[in-house]
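Here's data_27.cif, which has mmCIF, C-alpha atoms:
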```cif
data_entry
#
loop_
_atom_site.group_PDB
_atom_site.id
_atom_site.type_symbol
_atom_site.label_atom_id
_atom_site.label_comp_id
_atom_site.auth_asym_id
_atom_site.auth_seq_id
_atom_site.Cartn_x
_atom_site.Cartn_y
_atom_site.Cartn_z
ATOM 1 C CA MET A 1 178.278 176.047 165.782
ATOM 2 C CA LEU A 2 178.725 172.898 163.758
ATOM 3 C CA ARG A 3 177.165 172.978 160.337
ATOM 4 C CA THR A 4 176.122 169.864 158.702
ATOM 5 C CA GLY A 5 176.375 169.543 154.937
ATOM 6 C CA ARG A 6 173.372 168.530 152.704
ATOM 7 C CA PRO A 7 174.694 165.050 151.848
ATOM 8 C CA ALA A 8 175.090 164.278 155.499
ATOM 9 C CA LEU A 9 171.496 165.403 156.135
ATOM 10 C CA TRP A 10 170.112 163.022 153.543
ATOM 11 C CA ALA A 11 172.100 160.162 154.952
ATOM 12 C CA PHE A 12 170.761 160.938 158.408
ATOM 13 C CA LEU A 13 167.126 160.934 157.205
ATOM 14 C CA ILE A 14 167.571 157.634 155.374
ATOM 15 C CA LEU A 15 169.012 156.098 158.502
ATOM 16 C CA LEU A 16 165.990 157.239 160.542
ATOM 17 C CA MET A 17 163.595 155.701 157.979
ATOM 18 C CA ALA A 18 165.462 152.414 158.041
ATOM 19 C CA ILE A 19 165.318 152.311 161.814
ATOM 20 C CA GLY A 20 161.554 152.975 161.684
ATOM 21 C CA LEU A 21 160.921 150.201 159.164
ATOM 22 C CA LEU A 22 162.992 147.811 161.206
ATOM 23 C CA ALA A 23 161.074 148.656 164.336
ATOM 24 C CA ALA A 24 157.738 148.153 162.526
ATOM 25 C CA ALA A 25 158.856 144.752 161.241
ATOM 26 C CA CYS A 26 159.884 143.634 164.685
ATOM 27 C CA ALA A 27 156.575 144.713 166.264
ATOM 28 C CA PRO A 28 154.202 141.814 167.213
ATOM 29 C CA GLN A 29 151.391 141.027 164.584
ATOM 30 C CA GLY A 30 147.801 141.698 165.720
ATOM 31 C CA GLU A 31 145.075 138.971 165.947
ATOM 32 C CA GLN A 32 143.094 138.062 162.772
ATOM 33 C CA GLY A 33 139.679 139.653 162.631
ATOM 34 C CA ALA A 34 136.443 137.555 162.692
ATOM 35 C CA ALA A 35 135.033 136.350 159.302
ATOM 36 C CA GLY A 36 132.303 138.528 157.886
ATOM 37 C CA ALA A 37 128.676 137.297 157.621
ATOM 38 C CA LYS A 38 127.704 135.258 154.474
ATOM 39 C CA GLY A 39 126.081 137.401 151.861
ATOM 40 C CA ALA A 40 122.438 136.791 150.829
ATOM 41 C CA THR A 41 121.785 134.199 148.002
ATOM 42 C CA GLY A 42 121.096 135.860 144.699
ATOM 43 C CA ASP A 43 117.731 135.438 142.888
ATOM 44 C CA LYS A 44 117.271 132.310 140.670
ATOM 45 C CA GLY A 45 117.791 133.056 137.027
ATOM 46 C CA ALA A 46 114.916 132.806 134.519
ATOM 47 C CA VAL A 47 114.309 129.459 132.715
ATOM 48 C CA GLY A 48 115.919 129.405 129.306
ATOM 49 C CA ASP A 49 113.905 129.028 126.093
ATOM 50 C CA LYS A 50 113.067 125.447 124.931
ATOM 51 C CA GLY A 51 115.486 124.236 122.335
ATOM 52 C CA ALA A 52 114.351 123.424 118.785
ATOM 53 C CA VAL A 53 113.133 119.835 118.048
ATOM 54 C CA GLY A 54 115.840 117.795 116.415
ATOM 55 C CA ASN A 55 115.435 116.143 112.994
ATOM 56 C CA ARG A 56 113.726 112.732 112.886
ATOM 57 C CA GLY A 57 116.165 109.919 112.690
ATOM 58 C CA ALA A 58 116.299 107.509 109.736
ATOM 59 C CA THR A 59 113.944 104.463 109.790
ATOM 60 C CA GLY A 60 115.692 101.347 110.939
ATOM 61 C CA ASP A 61 116.076 98.287 108.731
ATOM 62 C CA LYS A 62 113.159 95.805 108.644
ATOM 63 C CA GLY A 63 113.707 92.879 110.924
ATOM 64 C CA ALA A 64 114.074 89.356 109.589
ATOM 65 C CA THR A 65 110.868 87.335 108.991
ATOM 66 C CA GLY A 66 110.181 84.898 111.760
ATOM 67 C CA ASP A 67 110.104 81.162 111.190
ATOM 68 C CA LYS A 68 106.861 79.694 109.828
ATOM 69 C CA GLY A 69 104.800 78.042 112.488
ATOM 70 C CA VAL A 70 104.105 74.336 112.477
ATOM 71 C CA ALA A 71 101.013 73.349 110.456
ATOM 72 C CA GLY A 72 98.081 72.395 112.600
ATOM 73 C CA ALA A 73 96.679 68.910 112.598
ATOM 74 C CA LYS A 74 94.079 68.070 109.937
ATOM 75 C CA GLY A 75 90.574 68.352 111.278
ATOM 76 C CA PRO A 76 88.170 65.437 111.208
ATOM 77 C CA THR A 77 86.237 64.816 108.002
ATOM 78 C CA GLY A 78 82.751 66.222 108.192
ATOM 79 C CA ASN A 79 79.653 64.185 107.619
ATOM 80 C CA ALA A 80 78.530 63.843 104.019
ATOM 81 C CA GLY A 81 75.847 66.340 103.145
ATOM 82 C CA PRO A 82 72.523 65.341 101.666
ATOM 83 C CA THR A 83 72.540 64.630 97.935
ATOM 84 C CA LEU A 84 69.804 64.728 95.340
ATOM 85 C CA PRO A 85 69.296 61.771 93.016
ATOM 86 C CA ALA A 86 70.968 62.311 89.665
ATOM 87 C CA LYS A 87 68.558 63.079 86.854
ATOM 88 C CA VAL A 88 68.820 63.852 83.137
ATOM 89 C CA VAL A 89 66.331 65.302 80.657
ATOM 90 C CA VAL A 90 66.922 64.984 76.909
ATOM 91 C CA ILE A 91 65.585 67.163 74.052
ATOM 92 C CA PRO A 92 66.519 67.312 70.355
ATOM 93 C CA THR A 93 69.443 69.686 69.802
ATOM 94 C CA GLY A 94 68.238 73.037 68.483
ATOM 95 C CA LYS A 95 64.955 72.966 70.403
ATOM 96 C CA THR A 96 64.152 74.527 73.766
ATOM 97 C CA SER A 97 61.572 71.943 74.852
ATOM 98 C CA SER A 98 60.186 68.595 73.804
ATOM 99 C CA PRO A 99 57.548 66.065 74.878
ATOM 100 C CA GLN A 100 58.982 63.295 77.018
ATOM 101 C CA PRO A 101 60.214 60.738 76.236
ATOM 102 C CA VAL A 102 62.066 62.491 73.441
ATOM 103 C CA SER A 103 61.746 61.297 69.871
ATOM 104 C CA VAL A 104 64.215 61.923 67.008
ATOM 105 C CA THR A 105 64.080 60.943 63.365
ATOM 106 C CA LYS A 106 66.323 58.137 62.149
ATOM 107 C CA GLY A 107 69.466 59.377 60.412
ATOM 108 C CA ALA A 108 73.267 59.543 60.460
ATOM 109 C CA ARG A 109 74.791 60.438 63.881
ATOM 110 C CA GLN A 110 71.376 60.313 65.558
ATOM 111 C CA PRO A 111 70.364 60.699 68.313
ATOM 112 C CA LEU A 112 71.616 64.299 68.177
ATOM 113 C CA VAL A 113 70.364 65.595 71.531
ATOM 114 C CA THR A 114 70.982 68.145 74.283
ATOM 115 C CA ILE A 115 71.155 66.781 77.825
ATOM 116 C CA TYR A 116 70.236 68.668 81.004
ATOM 117 C CA GLY A 117 71.485 67.030 84.203
ATOM 118 C CA THR A 118 71.306 67.666 87.969
ATOM 119 C CA GLY A 119 72.376 65.886 91.158
ATOM 120 C CA PHE A 120 75.833 64.835 89.949
ATOM 121 C CA PRO A 121 79.110 65.473 91.818
ATOM 122 C CA ALA A 122 80.604 68.913 91.200
ATOM 123 C CA ASP A 123 83.247 69.284 88.468
ATOM 124 C CA ASP A 124 83.045 65.597 87.518
ATOM 125 C CA ILE A 125 83.870 64.190 84.066
ATOM 126 C CA LEU A 126 80.851 62.727 82.217
ATOM 127 C CA LEU A 127 80.657 59.681 79.926
ATOM 128 C CA VAL A 128 77.589 59.424 77.676
ATOM 129 C CA GLU A 129 76.380 56.350 75.761
ATOM 130 C CA VAL A 130 73.229 55.179 74.059
ATOM 131 C CA ILE A 131 72.139 51.564 74.669
ATOM 132 C CA GLY A 132 69.734 49.689 72.425
ATOM 133 C CA ALA A 133 67.194 47.014 73.323
ATOM 134 C CA ASP A 134 69.711 44.388 72.244
ATOM 135 C CA GLY A 135 72.202 45.675 74.859
ATOM 136 C CA ILE A 136 74.640 47.119 72.336
ATOM 137 C CA SER A 137 76.218 50.341 73.630
ATOM 138 C CA ILE A 138 77.308 53.169 71.344
ATOM 139 C CA ALA A 139 79.515 55.945 72.735
ATOM 140 C CA MET A 140 78.367 59.548 72.267
ATOM 141 C CA GLU A 141 80.701 62.439 71.462
ATOM 142 C CA TYR A 142 80.405 66.046 72.595
ATOM 143 C CA LEU A 143 79.685 68.687 70.002
ATOM 144 C CA ALA A 144 82.362 71.358 69.586
ATOM 145 C CA LYS A 145 82.808 73.646 72.621
ATOM 146 C CA ASN A 146 80.285 71.694 74.701
ATOM 147 C CA PRO A 147 81.376 70.828 78.258
ATOM 148 C CA ASP A 148 82.266 67.246 79.127
ATOM 149 C CA LYS A 149 81.841 67.622 82.873
ATOM 150 C CA THR A 150 79.490 68.994 85.497
ATOM 151 C CA GLY A 151 79.640 72.499 86.929
ATOM 152 C CA PRO A 152 80.373 73.563 90.523
ATOM 153 C CA THR A 153 76.808 72.678 91.606
ATOM 154 C CA GLY A 154 76.760 69.264 89.917
ATOM 155 C CA ALA A 155 74.434 70.455 87.147
ATOM 156 C CA PHE A 156 75.261 70.567 83.432
ATOM 157 C CA LYS A 157 73.943 71.188 79.917
ATOM 158 C CA THR A 158 75.686 69.646 76.923
ATOM 159 C CA SER A 159 74.972 68.406 73.384
ATOM 160 C CA VAL A 160 76.064 65.016 72.025
ATOM 161 C CA ARG A 161 75.713 62.712 69.019
ATOM 162 C CA THR A 162 76.809 59.189 68.164
ATOM 163 C CA ASP A 163 80.567 58.833 67.985
ATOM 164 C CA ILE A 164 80.760 56.834 64.719
ATOM 165 C CA SER A 165 80.602 58.804 61.493
ATOM 166 C CA GLY A 166 78.144 57.338 59.015
ATOM 167 C CA LEU A 167 76.453 55.125 61.637
ATOM 168 C CA THR A 168 72.669 55.066 61.431
ATOM 169 C CA LEU A 169 70.909 53.397 64.337
ATOM 170 C CA ALA A 170 67.777 51.397 63.629
ATOM 171 C CA ALA A 171 64.433 52.806 64.666
ATOM 172 C CA GLY A 172 63.446 51.738 68.154
ATOM 173 C CA ALA A 173 63.707 52.544 71.881
ATOM 174 C CA TYR A 174 67.064 53.415 73.395
ATOM 175 C CA SER A 175 68.410 54.459 76.781
ATOM 176 C CA LEU A 176 70.701 57.462 76.880
ATOM 177 C CA VAL A 177 72.926 56.840 79.913
ATOM 178 C CA VAL A 178 75.117 59.506 81.612
ATOM 179 C CA THR A 179 77.803 58.277 84.049
ATOM 180 C CA SER A 180 80.151 60.521 86.026
ATOM 181 C CA LEU A 181 83.766 59.512 86.572
ATOM 182 C CA SER A 182 82.965 59.030 90.262
ATOM 183 C CA GLY A 183 80.280 56.448 89.376
ATOM 184 C CA VAL A 184 77.028 58.415 89.651
ATOM 185 C CA THR A 185 74.658 57.539 86.810
ATOM 186 C CA ALA A 186 71.273 58.559 85.380
ATOM 187 C CA SER A 187 69.415 57.784 82.177
ATOM 188 C CA ALA A 188 66.503 58.892 79.993
ATOM 189 C CA PRO A 189 64.630 57.110 77.199
ATOM 190 C CA VAL A 190 65.134 58.153 73.580
ATOM 191 C CA PHE A 191 63.032 56.931 70.632
ATOM 192 C CA ILE A 192 64.396 56.848 67.106
ATOM 193 C CA THR A 193 61.575 56.862 64.573
ATOM 194 C CA GLU A 194 61.432 56.183 60.882
ATOM 195 C CA PRO A 195 61.263 59.299 58.744
ATOM 196 C CA PRO A 196 57.819 60.007 57.350
ATOM 197 C CA PRO A 197 57.189 58.485 53.917
ATOM 198 C CA THR A 198 57.912 60.699 50.959
ATOM 199 C CA PRO A 199 54.623 61.762 49.427
ATOM 200 C CA THR A 200 53.978 60.331 45.975
ATOM 201 C CA PRO A 201 53.711 63.163 43.490
ATOM 202 C CA THR A 202 50.339 63.477 41.869
ATOM 203 C CA PRO A 203 50.633 62.918 38.116
ATOM 204 C CA THR A 204 49.782 65.866 35.973
ATOM 205 C CA PRO A 205 46.658 65.155 33.867
ATOM 206 C CA THR A 206 47.321 64.931 30.148
ATOM 207 C CA PRO A 207 45.327 67.535 28.297
#
```
Here is a file; write its structure as structure tokens.
Amino acid sequence: MLRTGRPALWAFLILLMAIGLLAAACAPQGEQGAAGAKGATGDKGAVGDKGAVGNRGATGDKGATGDKGVAGAKGPTGNAGPTLPAKVVVIPTGKTSSPQPVSVTKGARQPLVTIYGTGFPADDILLVEVIGADGISIAMEYLAKNPDKTGPTGAFKTSVRTDISGLTLAAGAYSLVVTSLSGVTASAPVFITEPPPTPTPTPTPTP
């Protein structure tokens, strides 16, 4: 009986395994199996929390000013409104009333009078003069801080006196004439009277 040694046995087993692997490699490959069914769609995830509001952006620069529009055409001049006739009333300066026509006592710089006027143009310069029966005109000057023009309604109150220092007008009738720079005029009579006579002192009886 032939005995085989251990190394020969191992070589024989390895040879059998190699033949088996070779036979398996040479065997025909089987057909590919059918694809499996598609899995079910998963549930939709929950909505995420709203993000925080971002910081407000910086204010933009102011835009350039637009060009000025063309000026409109001047409208037509309105009709002149109704006007009152100009009128002046004269009283002695320092009094609040006086009989008319006014009367002042003869003296230096007289007539010293206050004039109240209405019906003149608004904010108009005034010229005042006193005219005698002989036609001679004497300019009048405004007392300190008295207005020389009308107010916004065309009315005024002002005090005047003759413009020549040391001049004494003769007793008689005069016209005090007020004329605005725009040409509106009004007048009032003024009488200058002689001062009353100085009483003669009664002599003291001799004892």
For each of A:Ala173, A:Gly183, A:Leu84, A:Thr200, take the minimum atom-to-atom distance to Thr118 in chain A, counting all atoms listed in the file, then give the residue where this is smallest.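 Checking each of A:Ala173, A:Gly183, A:Leu84, A:Thr200 against Thr118 in chain A, counting all atoms listed in the file, the winner is A:Leu84.
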Using all atoms listed in the file, pick whichever of A:Ala108, A:Val70, A:Ala40, A:Leu127 has the shortest atom-to-atom distance to Ala170 in chain A.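 Counting all atoms listed in the file, the residue closest to Ala170 in chain A is A:Ala108.
CA of Thr114 in chain A is found 13.5 Å from CA of Ala155 in chain A.
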Measure the distance from CA of Glu129 in chain A to CA of Thr153 in chain A in Å and round it to one decimal. 22.8 Å
Spell out the residues picked by the PyMOL selection byres ((chain A and resi 191) around 6) here, as a PyMOL selection string. chain A and resi 103+172-173+190+192
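Of the residues listed (A:Pro152, A:Ile115, A:Gly48, A:Thr179), A:Ile115 shows the shortest atom-to-atom separation from Gly94 in chain A; distances use only C-alpha atoms.
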Using the chain letters and numbers from the file, give me the residues hit by the PyMOL selection byres ((chain A and resi 166) around 9), as a PyMOL selection string. chain A and resi 108-109+164-165+167-168
What are the centre and the three edge lengths of an axis-aligned box that wraps all atoms of range 189-202 of chain A in the file, given that 8 Å is added to every side, written as lines of an AutoDock Vina configuration file and rounded to one decimal in Å?
```
center_x = 57.7
center_y = 59.8
center_z = 59.5
size_x = 30.8
size_y = 23.3
size_z = 51.3
```
Excluding same-chain residues fewer than 4 positions from Ser187 in chain A, what lies within 9 Å of it counting all atoms listed in the file, as a PDB file with C-alpha atoms, in the frame of the given file?
```pdb
ATOM      1  CA  ALA A  86      70.968  62.311  89.665  1.00  0.00           C
ATOM      2  CA  LYS A  87      68.558  63.079  86.854  1.00  0.00           C
ATOM      3  CA  VAL A  88      68.820  63.852  83.137  1.00  0.00           C
ATOM      4  CA  VAL A  89      66.331  65.302  80.657  1.00  0.00           C
ATOM      5  CA  SER A 175      68.410  54.459  76.781  1.00  0.00           C
ATOM      6  CA  LEU A 176      70.701  57.462  76.880  1.00  0.00           C
ATOM      7  CA  VAL A 177      72.926  56.840  79.913  1.00  0.00           C
ATOM      8  CA  VAL A 178      75.117  59.506  81.612  1.00  0.00           C
ATOM      9  CA  THR A 179      77.803  58.277  84.049  1.00  0.00           C
TER      10      THR A 179
END
```
Can you spell out as a ChimeraX atom specification the set of residues that the PyMOL selection byres ((chain A and resi 133) around 7) selects in the structure I just provided? /A:131-132,134-135,173-174
What is the distance between CA of Ala188 in chain A and CA of Glu141 in chain A, in Å to one decimal?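 Interatomic distance here is 16.9 Å.
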Expected residue set, 7 Å radius at (79.8, 67.1, 68.3), all atoms listed in the file, as number ranges by chain: A: 141-144, 160-161
